[in-house]
file my_file23.cif (mmCIF, C-alpha atoms)
data_data
loop_
_atom_site.group_PDB
_atom_site.id
_atom_site.type_symbol
_atom_site.label_atom_id
_atom_site.label_comp_id
_atom_site.auth_asym_id
_atom_site.auth_seq_id
_atom_site.Cartn_x
_atom_site.Cartn_y
_atom_site.Cartn_z
ATOM 1 C CA MET A 334 106.545 98.467 102.747
ATOM 2 C CA ARG A 335 108.879 95.776 101.659
ATOM 3 C CA ARG A 336 110.187 95.061 98.149
ATOM 4 C CA GLY A 337 108.995 98.476 97.005
ATOM 5 C CA LEU A 338 105.747 100.328 97.555
ATOM 6 C CA ALA A 339 104.125 98.678 94.561
ATOM 7 C CA VAL A 340 104.667 95.316 96.176
ATOM 8 C CA ALA A 341 103.385 96.623 99.471
ATOM 9 C CA ALA A 342 100.184 97.628 97.734
ATOM 10 C CA THR A 343 99.943 94.576 95.490
ATOM 11 C CA VAL A 344 102.192 91.516 95.598
ATOM 12 C CA ALA A 345 103.075 91.992 99.223
ATOM 13 C CA GLY A 346 99.344 92.027 99.698
ATOM 14 C CA LEU A 347 99.419 88.326 98.948
ATOM 15 C CA LEU A 348 101.898 87.843 101.765
ATOM 16 C CA ALA A 349 100.844 90.388 104.344
ATOM 17 C CA PRO A 350 98.189 92.958 105.228
ATOM 18 C CA VAL A 351 96.295 93.439 101.983
ATOM 19 C CA CYS A 352 95.491 89.773 101.565
ATOM 20 C CA ALA A 353 94.470 89.749 105.210
ATOM 21 C CA LEU A 354 91.725 92.239 104.423
ATOM 22 C CA HIS A 355 89.965 90.018 101.885
ATOM 23 C CA ALA A 356 89.010 86.697 103.411
ATOM 24 C CA ALA A 357 87.720 84.068 101.007
ATOM 25 C CA PRO A 358 83.908 84.317 100.815
ATOM 26 C CA SER A 359 83.560 80.533 100.607
ATOM 27 C CA GLY A 360 84.767 80.164 104.201
ATOM 28 C CA VAL A 361 87.438 77.548 104.833
ATOM 29 C CA ASP A 362 90.099 77.796 102.147
ATOM 30 C CA ASP A 363 93.834 77.269 101.674
ATOM 31 C CA ARG A 364 96.052 79.068 99.180
ATOM 32 C CA ILE A 365 99.685 78.585 98.236
ATOM 33 C CA ALA A 366 101.487 81.585 96.694
ATOM 34 C CA ILE A 367 104.787 81.287 94.833
ATOM 35 C CA GLY A 368 106.571 84.509 93.917
ATOM 36 C CA PHE A 369 109.593 85.424 91.798
ATOM 37 C CA GLN A 370 111.266 88.808 91.442
ATOM 38 C CA GLY A 371 113.964 90.312 89.243
ATOM 39 C CA GLU A 372 115.293 93.855 89.338
ATOM 40 C CA SER A 373 117.937 96.237 88.097
ATOM 41 C CA LEU A 374 119.606 99.002 90.117
ATOM 42 C CA THR A 375 121.856 101.815 88.888
ATOM 43 C CA ASN A 376 125.596 100.962 88.928
ATOM 44 C CA THR A 377 125.027 97.424 90.251
ATOM 45 C CA SER A 378 124.423 93.959 88.869
ATOM 46 C CA GLY A 379 120.819 94.087 90.088
ATOM 47 C CA GLY A 380 119.229 91.198 91.908
ATOM 48 C CA GLY A 381 116.136 89.113 92.492
ATOM 49 C CA GLY A 382 114.461 86.745 94.871
ATOM 50 C CA GLY A 383 111.688 84.316 95.609
ATOM 51 C CA SER A 384 108.989 83.619 98.178
ATOM 52 C CA LEU A 385 106.668 80.834 99.293
ATOM 53 C CA THR A 386 103.471 81.560 101.243
ATOM 54 C CA TRP A 387 100.641 79.538 102.762
ATOM 55 C CA LEU A 388 97.353 81.330 103.532
ATOM 56 C CA HIS A 389 94.512 79.694 105.448
ATOM 57 C CA ASN A 390 90.960 80.984 105.905
ATOM 58 C CA PHE A 391 89.508 79.477 109.074
ATOM 59 C CA SER A 392 86.207 81.093 108.063
ATOM 60 C CA ALA A 393 85.005 84.016 105.957
ATOM 61 C CA ASP A 394 86.099 86.259 108.864
ATOM 62 C CA ALA A 395 89.463 84.819 109.956
ATOM 63 C CA LEU A 396 92.702 84.451 108.007
ATOM 64 C CA ALA A 397 96.289 83.532 108.886
ATOM 65 C CA GLY A 398 99.420 83.056 106.835
ATOM 66 C CA VAL A 399 103.066 82.079 107.014
ATOM 67 C CA ALA A 400 105.802 82.790 104.452
ATOM 68 C CA VAL A 401 109.518 82.584 103.784
ATOM 69 C CA GLU A 402 111.389 84.878 101.404
ATOM 70 C CA HIS A 403 114.938 85.380 100.158
ATOM 71 C CA GLN A 404 116.193 88.503 98.364
ATOM 72 C CA VAL A 405 119.469 89.553 96.721
ATOM 73 C CA LEU A 406 120.332 93.064 95.520
ATOM 74 C CA ALA A 407 123.824 94.216 94.504
ATOM 75 C CA ASN A 408 126.143 93.104 97.332
ATOM 76 C CA SER A 409 123.303 92.588 99.840
ATOM 77 C CA HIS A 410 121.255 89.500 100.582
ATOM 78 C CA TRP A 411 118.731 88.711 103.284
ATOM 79 C CA THR A 412 116.222 86.017 104.287
ATOM 80 C CA PHE A 413 113.186 86.374 106.501
ATOM 81 C CA GLY A 414 110.073 84.596 107.673
ATOM 82 C CA SER A 415 106.634 86.203 107.907
ATOM 83 C CA LEU A 416 103.509 85.660 109.974
ATOM 84 C CA ASN A 417 100.220 87.482 109.434
ATOM 85 C CA GLY A 418 96.643 87.249 110.527
ATOM 86 C CA ALA A 419 93.345 89.117 110.348
ATOM 87 C CA TYR A 420 89.886 88.970 111.833
ATOM 88 C CA SER A 421 86.761 90.721 110.537
ATOM 89 C CA MET A 422 83.622 91.580 112.469
ATOM 90 C CA GLY A 423 80.376 93.390 111.865
ATOM 91 C CA GLN A 424 77.609 93.090 109.333
ATOM 92 C CA GLY A 425 75.990 95.055 106.526
ATOM 93 C CA ASP A 426 77.061 98.662 106.114
ATOM 94 C CA GLN A 427 79.638 98.676 108.921
ATOM 95 C CA ARG A 428 82.416 96.085 109.075
ATOM 96 C CA TYR A 429 85.838 96.155 110.729
ATOM 97 C CA THR A 430 89.012 94.153 110.170
ATOM 98 C CA VAL A 431 91.954 94.060 112.576
ATOM 99 C CA TYR A 432 95.251 92.639 111.314
ATOM 100 C CA GLY A 433 98.847 92.140 112.317
ATOM 101 C CA GLU A 434 102.047 90.959 110.679
ATOM 102 C CA ALA A 435 105.667 90.287 111.560
ATOM 103 C CA HIS A 436 108.720 89.821 109.317
ATOM 104 C CA GLU A 437 111.839 88.555 111.065
ATOM 105 C CA GLY A 438 115.212 87.664 109.574
ATOM 106 C CA ALA A 439 118.787 88.702 108.837
ATOM 107 C CA GLY A 440 121.348 88.986 106.067
ATOM 108 C CA ASN A 441 124.525 90.721 104.920
ATOM 109 C CA ALA A 442 125.440 93.948 103.154
ATOM 110 C CA GLY A 443 128.840 93.104 101.731
ATOM 111 C CA ASP A 444 130.880 91.746 104.619
ATOM 112 C CA ARG A 445 128.683 93.442 107.231
ATOM 113 C CA ALA A 446 125.815 91.620 108.957
ATOM 114 C CA LEU A 447 122.415 93.277 109.017
ATOM 115 C CA ASN A 448 119.249 92.534 110.965
ATOM 116 C CA TYR A 449 115.702 92.604 109.629
ATOM 117 C CA HIS A 450 112.664 93.201 111.854
ATOM 118 C CA ILE A 451 109.386 94.724 110.632
ATOM 119 C CA GLU A 452 106.086 94.522 112.529
ATOM 120 C CA ALA A 453 102.720 96.126 111.843
ATOM 121 C CA VAL A 454 99.213 96.323 113.276
ATOM 122 C CA GLY A 455 96.218 97.907 111.601
ATOM 123 C CA LEU A 456 92.476 98.460 111.523
ATOM 124 C CA VAL A 457 90.236 98.790 108.462
ATOM 125 C CA GLY A 458 86.660 100.023 108.666
ATOM 126 C CA THR A 459 84.364 99.433 105.674
ATOM 127 C CA TYR A 460 81.131 101.384 105.393
ATOM 128 C CA PHE A 461 78.189 101.031 102.987
ATOM 129 C CA HIS A 462 80.121 98.266 101.172
ATOM 130 C CA ARG A 463 82.093 100.977 99.341
ATOM 131 C CA LEU A 464 84.157 103.239 101.604
ATOM 132 C CA SER A 465 87.138 101.811 103.538
ATOM 133 C CA VAL A 466 89.396 103.662 105.988
ATOM 134 C CA GLN A 467 92.707 102.129 107.100
ATOM 135 C CA LEU A 468 94.831 103.039 110.121
ATOM 136 C CA GLU A 469 98.200 101.287 110.421
ATOM 137 C CA ASP A 470 101.426 101.536 112.365
ATOM 138 C CA ARG A 471 104.509 99.796 110.995
ATOM 139 C CA GLN A 472 107.748 99.515 112.990
ATOM 140 C CA PHE A 473 111.109 99.158 111.221
ATOM 141 C CA PHE A 474 114.404 97.920 112.592
ATOM 142 C CA VAL A 475 116.462 97.151 109.481
ATOM 143 C CA ASP A 476 120.245 97.472 109.385
ATOM 144 C CA THR A 477 121.022 100.962 110.792
ATOM 145 C CA VAL A 478 117.492 102.332 110.337
ATOM 146 C CA SER A 479 114.645 102.240 112.851
ATOM 147 C CA GLY A 480 111.392 104.015 113.608
ATOM 148 C CA ASN A 481 107.622 103.876 113.385
ATOM 149 C CA LEU A 482 105.617 104.612 110.241
ATOM 150 C CA PRO A 483 101.932 105.407 110.924
ATOM 151 C CA LYS A 484 99.704 105.425 107.829
ATOM 152 C CA LEU A 485 96.218 106.621 106.984
ATOM 153 C CA GLY A 486 94.537 105.200 103.892
ATOM 154 C CA VAL A 487 91.149 105.665 102.227
ATOM 155 C CA SER A 488 89.653 103.618 99.377
ATOM 156 C CA TYR A 489 86.334 103.851 97.568
ATOM 157 C CA LEU A 490 84.606 101.284 95.372
ATOM 158 C CA TRP A 491 82.825 103.421 92.790
ATOM 159 C CA ASN A 492 81.155 100.428 91.164
ATOM 160 C CA PRO A 493 81.811 96.661 91.013
ATOM 161 C CA HIS A 494 84.574 97.266 88.440
ATOM 162 C CA PHE A 495 86.442 100.367 89.664
ATOM 163 C CA GLN A 496 88.167 101.255 92.958
ATOM 164 C CA THR A 497 90.535 104.079 93.920
ATOM 165 C CA SER A 498 92.809 104.357 96.983
ATOM 166 C CA VAL A 499 95.020 107.027 98.524
ATOM 167 C CA SER A 500 97.280 106.895 101.582
ATOM 168 C CA TYR A 501 99.759 109.017 103.497
ATOM 169 C CA ALA A 502 102.543 107.769 105.782
ATOM 170 C CA TYR A 503 104.661 109.928 108.116
ATOM 171 C CA SER A 504 107.431 108.431 110.239
ATOM 172 C CA VAL A 505 107.860 109.075 113.955
ATOM 173 C CA GLY A 506 111.072 108.742 115.929
ATOM 174 C CA SER A 507 114.651 107.635 115.229
ATOM 175 C CA ASN A 508 116.067 108.022 111.692
ATOM 176 C CA LEU A 509 113.353 106.538 109.450
ATOM 177 C CA GLY A 510 112.794 109.932 107.810
ATOM 178 C CA THR A 511 109.765 108.999 105.688
ATOM 179 C CA ARG A 512 106.870 111.057 104.305
ATOM 180 C CA LEU A 513 105.044 109.312 101.457
ATOM 181 C CA LEU A 514 101.858 109.993 99.527
ATOM 182 C CA ALA A 515 100.547 107.063 97.466
ATOM 183 C CA GLY A 516 97.617 106.346 95.184
ATOM 184 C CA LYS A 517 96.241 103.271 93.432
ATOM 185 C CA ILE A 518 93.559 102.339 90.902
ATOM 186 C CA ASP A 519 92.030 98.857 90.544
ATOM 187 C CA LEU A 520 89.956 97.758 87.556
ATOM 188 C CA TYR A 521 88.019 94.497 87.883
ATOM 189 C CA GLU A 522 87.083 93.102 84.487
ATOM 190 C CA PRO A 523 85.731 89.664 83.533
ATOM 191 C CA GLY A 524 88.743 87.456 82.986
ATOM 192 C CA LEU A 525 91.403 90.049 83.886
ATOM 193 C CA ASN A 526 92.034 92.523 86.728
ATOM 194 C CA TRP A 527 94.246 95.592 86.292
ATOM 195 C CA LEU A 528 96.016 97.894 88.726
ATOM 196 C CA ALA A 529 98.197 100.991 88.564
ATOM 197 C CA GLY A 530 99.660 103.245 91.216
ATOM 198 C CA PHE A 531 102.194 105.842 92.247
ATOM 199 C CA SER A 532 104.019 107.192 95.284
ATOM 200 C CA PHE A 533 106.253 110.162 95.947
ATOM 201 C CA GLY A 534 107.872 111.878 98.892
ATOM 202 C CA GLN A 535 110.843 111.121 101.125
ATOM 203 C CA ALA A 536 112.055 107.759 102.421
ATOM 204 C CA THR A 537 115.143 105.753 103.293
ATOM 205 C CA ALA A 538 116.162 102.749 101.225
ATOM 206 C CA ALA A 539 115.218 100.579 104.205
ATOM 207 C CA VAL A 540 111.552 101.496 103.729
ATOM 208 C CA LEU A 541 111.612 101.102 99.966
ATOM 209 C CA ASN A 542 113.508 97.806 99.994
ATOM 210 C CA PRO A 543 114.390 96.747 103.554
ATOM 211 C CA GLY A 544 117.746 95.022 103.848
ATOM 212 C CA ALA A 545 119.027 96.237 100.482
ATOM 213 C CA SER A 546 121.201 98.853 102.079
ATOM 214 C CA VAL A 547 124.071 98.858 99.557
ATOM 215 C CA GLY A 548 125.422 101.752 101.595
ATOM 216 C CA GLU A 549 122.221 103.825 101.420
ATOM 217 C CA THR A 550 120.014 102.967 104.393
ATOM 218 C CA SER A 551 121.758 105.466 106.681
ATOM 219 C CA ILE A 552 121.498 108.375 104.207
ATOM 220 C CA PRO A 553 118.613 110.652 105.255
ATOM 221 C CA GLY A 554 116.463 112.739 102.964
ATOM 222 C CA LEU A 555 116.212 110.382 99.979
ATOM 223 C CA ARG A 556 113.446 111.560 97.643
ATOM 224 C CA VAL A 557 111.452 108.921 95.805
ATOM 225 C CA LYS A 558 109.195 108.789 92.777
ATOM 226 C CA GLU A 559 107.497 105.507 91.923
ATOM 227 C CA GLY A 560 105.025 104.213 89.386
ATOM 228 C CA TYR A 561 103.750 100.701 88.763
ATOM 229 C CA VAL A 562 101.268 98.743 86.662
ATOM 230 C CA GLY A 563 100.087 95.166 86.880
ATOM 231 C CA ALA A 564 97.477 92.587 85.964
ATOM 232 C CA THR A 565 96.011 89.432 87.484
ATOM 233 C CA LEU A 566 94.650 86.626 85.333
ATOM 234 C CA PRO A 567 92.295 84.114 86.993
ATOM 235 C CA LEU A 568 92.752 80.496 85.868
ATOM 236 C CA PRO A 569 89.542 78.840 87.100
ATOM 237 C CA ASN A 570 90.212 75.490 85.452
ATOM 238 C CA TRP A 571 93.436 75.277 87.458
ATOM 239 C CA ARG A 572 91.877 76.769 90.609
ATOM 240 C CA SER A 573 94.561 79.439 90.525
ATOM 241 C CA GLU A 574 95.568 82.896 89.347
ATOM 242 C CA ILE A 575 98.744 84.516 88.061
ATOM 243 C CA SER A 576 99.837 88.145 88.413
ATOM 244 C CA LEU A 577 102.582 90.309 86.954
ATOM 245 C CA ILE A 578 103.588 93.723 88.376
ATOM 246 C CA LEU A 579 106.160 96.072 86.839
ATOM 247 C CA ASP A 580 107.532 98.765 89.153
ATOM 248 C CA TYR A 581 109.833 101.746 88.534
ATOM 249 C CA GLN A 582 111.499 103.759 91.322
ATOM 250 C CA LYS A 583 113.802 106.761 91.271
ATOM 251 C CA LEU A 584 115.717 107.664 94.453
ATOM 252 C CA TYR A 585 117.682 110.881 94.579
ATOM 253 C CA SER A 586 119.344 113.365 96.920
ATOM 254 C CA PRO A 587 122.460 115.579 96.759
ATOM 255 C CA PHE A 588 124.473 112.377 97.339
ATOM 256 C CA VAL A 589 122.411 109.673 95.601
ATOM 257 C CA ASP A 590 120.820 109.300 92.176
ATOM 258 C CA SER A 591 119.651 105.773 91.456
ATOM 259 C CA LYS A 592 116.921 104.126 89.414
ATOM 260 C CA ARG A 593 115.412 100.714 89.971
ATOM 261 C CA PHE A 594 113.120 98.587 87.827
ATOM 262 C CA GLN A 595 111.365 95.546 89.299
ATOM 263 C CA GLY A 596 109.349 92.730 87.788
ATOM 264 C CA ASN A 597 107.241 90.546 90.099
ATOM 265 C CA LEU A 598 105.576 87.324 88.968
ATOM 266 C CA ASN A 599 103.248 85.494 91.364
ATOM 267 C CA TYR A 600 101.242 82.304 91.083
ATOM 268 C CA ILE A 601 98.506 81.421 93.594
ATOM 269 C CA PHE A 602 96.573 78.190 93.691
ATOM 270 C CA HIS A 603 93.755 76.994 95.949
ATOM 271 C CA ILE A 604 93.665 73.722 97.799
ATOM 272 C CA GLY A 605 91.177 72.201 100.213
ATOM 273 C CA ASN A 606 87.555 73.296 100.247
ATOM 274 C CA HIS A 607 87.669 76.150 97.745
ATOM 275 C CA GLY A 608 84.448 76.523 95.830
ATOM 276 C CA LYS A 609 82.132 75.058 98.475
#

call {"tool": "encode", "arguments": {"input": "my_file23.cif", "output": "structure tokens"}}
result
Amino acid sequence: MRRGLAVAATVAGLLAPVCALHAAPSGVDDRIAIGFQGESLTNTSGGGGGSLTWLHNFSADALAGVAVEHQVLANSHWTFGSLNGAYSMGQGDQRYTVYGEAHEGAGNAGDRALNYHIEAVGLVGTYFHRLSVQLEDRQFFVDTVSGNLPKLGVSYLWNPHFQTSVSYAYSVGSNLGTRLLAGKIDLYEPGLNWLAGFSFGQATAAVLNPGASVGETSIPGLRVKEGYVGATLPLPNWRSEISLILDYQKLYSPFVDSKRFQGNLNYIFHIGNHGK
């Protein structure tokens, strides 16, 4: 759940677990993803960042990726590298995907150094080509915050154009202090795909934007409300696609009341054997 829950469900999907669940049907394929982000945060100068990712499908069932990303927010900045991979098995009405990811790096919050370590493993079962159930455990060690965040998610493809998803995450151990309910809608239309989602509950700033502590990652009991919308435009003549996601978050507690708006622009293009 990095760079906001919207990104975890969407843009981060290009870099981590979500993309790992959808291997290219054409088999061997390479994709390059370039991402840019800008954001505002209450009582700060805001921030932004960028990322570069390479994804490789060894087959329709196996995917691996590597990425590098740099982020700045207020007086914090951090850089990390990412590795992810997934493997699918099974046929017909019962198919399973196992995946894993690791994000390792470091940065600074003001004049104080911070570390950045997030790892996750998960399993997705898909039944009858429509119903998917996800089990995931994500471990955080970011700045002064640590803990495990198990998650259960369910999605259903109602028809070829409409899918809904819900998930619930509850942290275990240490001071992660997170309980989040999230939902998402995907609309697949010829020429343009749409998405929208929400989340609410309790979380630390480390979960919502790891590394961007700005003095908040150690404050427990932060409540969060989030909503986001986005669209993806395929560009078949360029063998690519472009997506834009707009995300709004409100974090509040007796000690904190902050609002954040994010814009995420991503461009993905295919190289190699795409289309065979």

call {"tool": "resolve_selection", "arguments": {"input": "my_file23.cif", "expression": "the PyMOL selection byres ((chain A and resi 513) around 8)", "output": "list of chain:residue names"}}
result
A:Tyr501, A:Ala502, A:Tyr503, A:Thr511, A:Arg512, A:Leu514, A:Ala515, A:Ser532, A:Phe533, A:Gly534, A:Gln535, A:Ala536

call {"tool": "residues_around", "arguments": {"input": "my_file23.cif", "residues": "stretch 444-450 of chain A", "least_positions_apart": "6", "cutoff": "6 Å", "atoms": "all atoms listed in the file", "output": "list in words"}}
result
His436, Glu437, Gly438, Phe474, Val475 and Asp476 of chain A

call {"tool": "residues_near_point", "arguments": {"input": "my_file23.cif", "point": "(96.8, 99.8, 108.0)", "cutoff": "7 Å", "atoms": "only C-alpha atoms", "output": "VMD selection string"}}
result
chain A and resid 454 to 457 467 to 470 484 to 485

call {"tool": "resolve_selection", "arguments": {"input": "my_file23.cif", "expression": "the PyMOL selection byres ((chain A and resi 364-366) around 7)", "output": "ChimeraX atom specification"}}
result
/A:362-363,367-368,385-389,599-604

call {"tool": "atom_distance", "arguments": {"input": "my_file23.cif", "atom1": "atom CA of A:Asp590", "atom2": "atom CA of A:Thr375"}}
result
8.2 Å

call {"tool": "resolve_selection", "arguments": {"input": "my_file23.cif", "expression": "the PyMOL selection byres ((chain A and resi 390) around 9)", "output": "list in words"}}
result
Ala356, Ala357, Gly360, Val361, Asp362, Asp363, Arg364, Leu388, His389, Phe391, Ser392, Ala393, Asp394, Ala395, Leu396, Ala397 and Gly398 of chain A

call {"tool": "closest_residue", "arguments": {"input": "my_file23.cif", "among": "A:Tyr521, A:Tyr460, A:Phe594, A:Phe531", "to": "A:Ala564", "atoms": "only C-alpha atoms"}}
result
A:Tyr521

call {"tool": "closest_residue", "arguments": {"input": "my_file23.cif", "among": "A:Phe473, A:Trp411, A:Tyr561, A:Phe495", "to": "A:Ala442", "atoms": "only C-alpha atoms"}}
result
A:Trp411

call {"tool": "closest_residue", "arguments": {"input": "my_file23.cif", "among": "A:Glu559, A:Gly440, A:Phe461, A:Val405", "to": "A:Gln424", "atoms": "all atoms listed in the file"}}
result
A:Phe461
